[in-house]
>>> print(open('structure.txt').read())   # compact mmCIF, C-alpha atoms
# COMPACT_ATOMS: atom_id res chain seq x y z
CA HIS A 25 -150.63 -140.52 39.40
CA GLU A 26 -153.01 -143.40 38.59
CA SER A 27 -150.44 -145.06 36.33
CA ALA A 28 -147.90 -144.86 39.17
CA ILE A 29 -150.37 -146.55 41.56
CA VAL A 30 -151.09 -149.29 39.00
CA SER A 31 -147.37 -149.87 38.40
CA VAL A 32 -146.49 -149.98 42.09
CA THR A 33 -149.46 -152.25 42.90
CA VAL A 34 -148.39 -154.70 40.17
CA LEU A 35 -144.83 -154.76 41.54
CA PHE A 36 -146.19 -155.14 45.10
CA PHE A 37 -148.03 -158.33 44.12
CA VAL A 38 -145.09 -159.60 42.06
CA MET A 39 -142.86 -159.14 45.10
CA TYR A 40 -145.44 -160.85 47.33
CA MET A 41 -145.81 -163.87 45.04
CA VAL A 42 -142.08 -164.31 44.41
CA ILE A 43 -141.22 -164.04 48.11
CA MET A 44 -143.89 -166.64 48.92
CA LEU A 45 -143.02 -169.08 46.11
CA TYR A 46 -139.25 -168.99 46.36
CA GLY A 47 -139.23 -168.75 50.15
CA MET A 48 -141.25 -171.96 50.32
CA ASN A 49 -138.93 -173.54 47.75
CA VAL A 50 -136.07 -173.07 50.21
CA ALA A 51 -138.02 -174.88 52.94
CA ARG A 52 -139.04 -177.70 50.59
CA SER A 53 -135.48 -178.23 49.36
CA ILE A 54 -134.28 -178.53 52.95
CA ILE A 55 -136.96 -181.13 53.70
CA GLU A 56 -136.03 -183.08 50.54
CA GLU A 57 -132.38 -183.18 51.56
CA LYS A 58 -133.27 -184.25 55.08
CA THR A 59 -135.44 -187.13 53.88
CA SER A 60 -132.90 -188.33 51.30
CA ARG A 61 -129.94 -188.23 53.74
CA ILE A 62 -128.01 -185.86 51.44
CA PHE A 63 -128.11 -183.38 54.29
CA GLU A 64 -125.82 -185.50 56.47
CA VAL A 65 -123.26 -185.94 53.68
CA LEU A 66 -123.24 -182.21 52.94
CA LEU A 67 -122.90 -181.29 56.61
CA ALA A 68 -119.82 -183.51 56.85
CA THR A 69 -118.03 -181.35 54.27
CA ILE A 70 -119.36 -177.79 54.77
CA ARG A 71 -120.63 -175.67 57.64
CA PRO A 72 -124.44 -175.34 58.10
CA GLU A 73 -124.23 -171.53 57.68
CA GLU A 74 -122.50 -171.90 54.31
CA MET A 75 -125.05 -174.44 53.11
CA MET A 76 -128.01 -172.25 54.12
CA ALA A 77 -126.44 -169.16 52.54
CA GLY A 78 -125.83 -171.08 49.31
CA LYS A 79 -129.38 -172.38 49.25
CA ILE A 80 -130.90 -168.93 49.88
CA LEU A 81 -128.61 -167.21 47.35
CA GLY A 82 -129.13 -169.90 44.70
CA VAL A 83 -132.92 -169.84 44.87
CA GLY A 84 -132.83 -166.02 45.21
CA SER A 85 -130.80 -165.67 42.03
CA VAL A 86 -133.40 -167.70 40.17
CA GLY A 87 -136.19 -165.51 41.58
CA LEU A 88 -134.41 -162.25 40.80
CA THR A 89 -133.66 -163.38 37.25
CA GLN A 90 -137.29 -164.37 36.72
CA VAL A 91 -138.57 -161.05 38.11
CA GLY A 92 -136.08 -159.17 35.89
CA ILE A 93 -137.42 -160.99 32.83
CA TRP A 94 -141.03 -160.24 33.85
CA ILE A 95 -140.31 -156.54 34.35
CA ALA A 96 -138.41 -156.31 31.07
CA ALA A 97 -141.31 -158.03 29.26
CA VAL A 98 -143.90 -155.71 30.83
CA LEU A 99 -141.86 -152.61 29.97
CA THR A 100 -141.22 -153.84 26.43
CA PHE A 101 -144.58 -155.32 25.47
CA GLY A 102 -147.00 -153.90 28.07
CA SER A 103 -148.28 -150.88 26.17
CA SER A 104 -148.72 -152.73 22.85
CA LEU A 105 -150.57 -155.61 24.57
CA ALA A 106 -152.81 -153.14 26.42
CA ALA A 107 -153.59 -151.39 23.13
CA ARG A 108 -154.54 -154.68 21.46
CA ALA A 109 -156.74 -155.59 24.44
CA GLY A 110 -158.49 -152.21 24.21
CA ALA A 111 -157.10 -151.01 27.56
CA ASP A 112 -155.44 -147.84 26.32
CA SER A 113 -156.17 -146.07 29.61
CA ILE A 114 -153.91 -148.43 31.57
CA HIS A 115 -150.26 -147.47 31.46
CA ILE A 116 -147.40 -149.16 33.28
CA SER A 117 -144.79 -146.56 34.07
CA LEU A 118 -141.82 -147.06 36.35
CA SER A 119 -139.05 -144.61 37.07
CA ALA A 120 -135.46 -145.74 37.46
CA THR A 121 -135.70 -144.94 41.19
CA GLN A 122 -138.82 -147.10 41.64
CA THR A 123 -137.14 -149.98 39.81
CA ALA A 124 -133.95 -149.66 41.90
CA TYR A 125 -135.89 -149.59 45.18
CA PHE A 126 -137.96 -152.55 44.01
CA PHE A 127 -134.82 -154.67 43.67
CA VAL A 128 -133.41 -153.44 47.02
CA TYR A 129 -136.60 -154.25 48.92
CA PHE A 130 -137.17 -157.45 46.95
CA LEU A 131 -133.72 -158.70 48.01
CA LEU A 132 -134.32 -157.72 51.64
CA GLY A 133 -137.77 -159.35 51.65
CA TYR A 134 -136.59 -162.47 49.90
CA VAL A 135 -133.64 -163.03 52.27
CA PHE A 136 -135.77 -162.23 55.35
CA TYR A 137 -138.60 -164.60 54.45
CA SER A 138 -136.25 -167.26 53.07
CA ALA A 139 -134.45 -167.30 56.41
CA ILE A 140 -137.81 -167.88 58.14
CA ALA A 141 -138.68 -170.58 55.58
CA ALA A 142 -135.27 -172.22 56.08
CA ALA A 143 -135.87 -172.30 59.83
CA LEU A 144 -139.30 -173.86 59.27
CA GLY A 145 -137.77 -176.44 56.91
CA ALA A 146 -135.10 -177.28 59.49
CA MET A 147 -137.76 -177.75 62.19
CA THR A 148 -139.95 -180.11 60.14
CA ASN A 149 -139.49 -183.52 58.57
CA SER A 150 -142.30 -183.60 56.00
CA GLU A 151 -144.42 -181.41 53.73
CA GLN A 152 -147.42 -181.95 56.03
CA GLU A 153 -145.57 -180.57 59.05
CA LEU A 154 -144.37 -177.64 56.94
CA GLN A 155 -147.97 -176.84 55.93
CA GLN A 156 -148.95 -176.64 59.60
CA LEU A 157 -146.20 -174.08 60.34
CA ASN A 158 -146.75 -172.18 57.09
CA MET A 159 -148.77 -169.50 58.90
CA PHE A 160 -145.57 -168.06 60.43
CA LEU A 161 -144.44 -167.23 56.89
CA VAL A 162 -147.81 -166.19 55.47
CA LEU A 163 -149.24 -164.11 58.33
CA PRO A 164 -146.93 -161.04 58.00
CA LEU A 165 -147.48 -161.03 54.22
CA VAL A 166 -151.26 -161.16 54.70
CA VAL A 167 -151.05 -158.20 57.12
CA CYS A 168 -149.21 -156.27 54.37
CA ILE A 169 -152.02 -156.96 51.91
CA VAL A 170 -154.68 -155.93 54.46
CA VAL A 171 -153.02 -152.54 55.15
CA MET A 172 -151.88 -151.99 51.53
CA HIS A 173 -154.90 -149.83 50.59
CA ASN A 174 -154.33 -147.56 53.59
CA VAL A 175 -150.63 -147.17 52.74
CA ILE A 176 -151.43 -146.39 49.08
CA SER A 177 -154.06 -143.81 50.10
CA TYR A 178 -152.01 -142.22 52.91
CA PRO A 179 -148.35 -143.20 52.39
CA ASP A 180 -147.06 -140.55 54.80
CA SER A 181 -149.50 -141.21 57.66
CA ASN A 182 -148.10 -142.12 61.09
CA SER A 183 -149.44 -145.69 60.91
CA ALA A 184 -147.82 -146.25 57.48
CA ARG A 185 -144.52 -144.78 58.70
CA ILE A 186 -144.44 -146.99 61.80
CA MET A 187 -145.49 -150.22 60.06
CA ALA A 188 -142.99 -149.69 57.24
CA LEU A 189 -140.16 -149.72 59.79
CA ILE A 190 -141.13 -153.10 61.31
CA PRO A 191 -138.89 -155.70 59.53
CA PRO A 192 -141.56 -158.29 58.54
CA PHE A 193 -143.55 -155.52 56.83
CA THR A 194 -140.70 -153.32 55.59
CA PRO A 195 -139.98 -154.89 52.16
CA LEU A 196 -143.54 -154.51 50.90
CA LEU A 197 -144.81 -151.44 52.76
CA MET A 198 -141.68 -149.29 52.56
CA TYR A 199 -141.55 -149.94 48.83
CA LEU A 200 -145.07 -148.51 48.55
CA ARG A 201 -144.07 -145.50 50.65
CA VAL A 202 -140.93 -144.85 48.61
CA SER A 203 -142.89 -145.06 45.35
CA LEU A 204 -146.00 -143.10 46.34
CA GLY A 205 -145.08 -141.03 49.40
CA HIS A 206 -142.30 -138.82 50.62
CA PRO A 207 -140.31 -140.75 53.23
CA SER A 208 -137.31 -138.91 54.58
CA PRO A 209 -133.87 -140.37 53.81
CA TRP A 210 -133.39 -141.46 57.43
CA GLU A 211 -136.56 -143.59 57.23
CA ILE A 212 -135.29 -145.36 54.11
CA ILE A 213 -131.87 -145.96 55.69
CA ALA A 214 -133.45 -147.08 58.98
CA SER A 215 -135.76 -149.53 57.18
CA ILE A 216 -132.85 -151.09 55.29
CA CYS A 217 -130.64 -151.25 58.41
CA LEU A 218 -133.38 -152.73 60.65
CA THR A 219 -134.31 -155.40 58.11
CA THR A 220 -130.64 -156.27 57.48
CA ALA A 221 -130.02 -156.53 61.24
CA SER A 222 -133.07 -158.77 61.71
CA ILE A 223 -131.87 -161.09 58.94
>>> encode(input="structure.txt", output="structure tokens")
Amino acid sequence: HESAIVSVTVLFFVMYMVIMLYGMNVARSIIEEKTSRIFEVLLATIRPEEMMAGKILGVGSVGLTQVGIWIAAVLTFGSSLAARAGADSIHISLSATQTAYFFVYFLLGYVFYSAIAAALGAMTNSEQELQQLNMFLVLPLVVCIVVMHNVISYPDSNSARIMALIPPFTPLLMYLRVSLGHPSPWEIIASICLTTASI
């Protein structure tokens, strides 16, 4: 059970970091295009919805590829590196189900937070203005980190069940519940549907 907690915690923080980094990359790329006037040229040829979708999907593909490489490297070299470092007691073990749910919730989280980042980038004209509004992107993720220990300890508690269904928290918290708890199928379907609808 400890190896499962270690594995899920590592993936939790990988998901957190990738969502933050690549979500902010979307906002920064929008600001760059606005300041260089490329935005106006692009808007003359394609619809704004298509441009935003392309930007989110393009940066998301890079993030998903990078995460896939990281996970493959950990699964391939993790145990031998731990043995060389003298940490034989630490084992990274992921089931196929945990890996599949990781990618589902990573995609949902990435698209959700990238849409927020894209909106922030569209509202601002400089990196400084973006930094001031950054809290709207960071605050829900910080809440997830604050309640993470409670969700890991009691994944099937009422508070964990409720918070995991609220879209800003769903990608990170529901992944913990799916990996360590026993959510019913309707909760998993509801979490995916609610997050998709909010996107």
>>> residues_near_point(input="structure.txt", point="(-138.5, -159.8, 51.8)", cutoff="8 Å", atoms="only C-alpha atoms", output="PyMOL selection string")
chain A and resi 43+129-138+192+194-196
>>> residues_near_point(input="structure.txt", point="(-142.3, -150.0, 59.5)", cutoff="12 Å", atoms="all atoms listed in the file", output="VMD selection string")
chain A and resid 168 171 175 179 to 201 207 211 to 219
>>> atom_distance(input="structure.txt", atom1="CA of Ile55 in chain A", atom2="CA of Val42 in chain A")
19.9 Å
>>> residues_around(input="structure.txt", residues="Ala141 in chain A", least_positions_apart="2", cutoff="10 Å", atoms="all atoms listed in the file", output="ChimeraX atom specification")
/A:44,46-52,54,80,135-139,143-147,154,157-158,160-161
>>> closest_residue(input="structure.txt", among="A:Phe37, A:Glu73, A:Leu45, A:Thr123", to="Val86 in chain A", atoms="all atoms listed in the file")
A:Leu45
>>> atom_distance(input="structure.txt", atom1="CA of Glu151 in chain A", atom2="CA of Phe63 in chain A")
16.4 Å
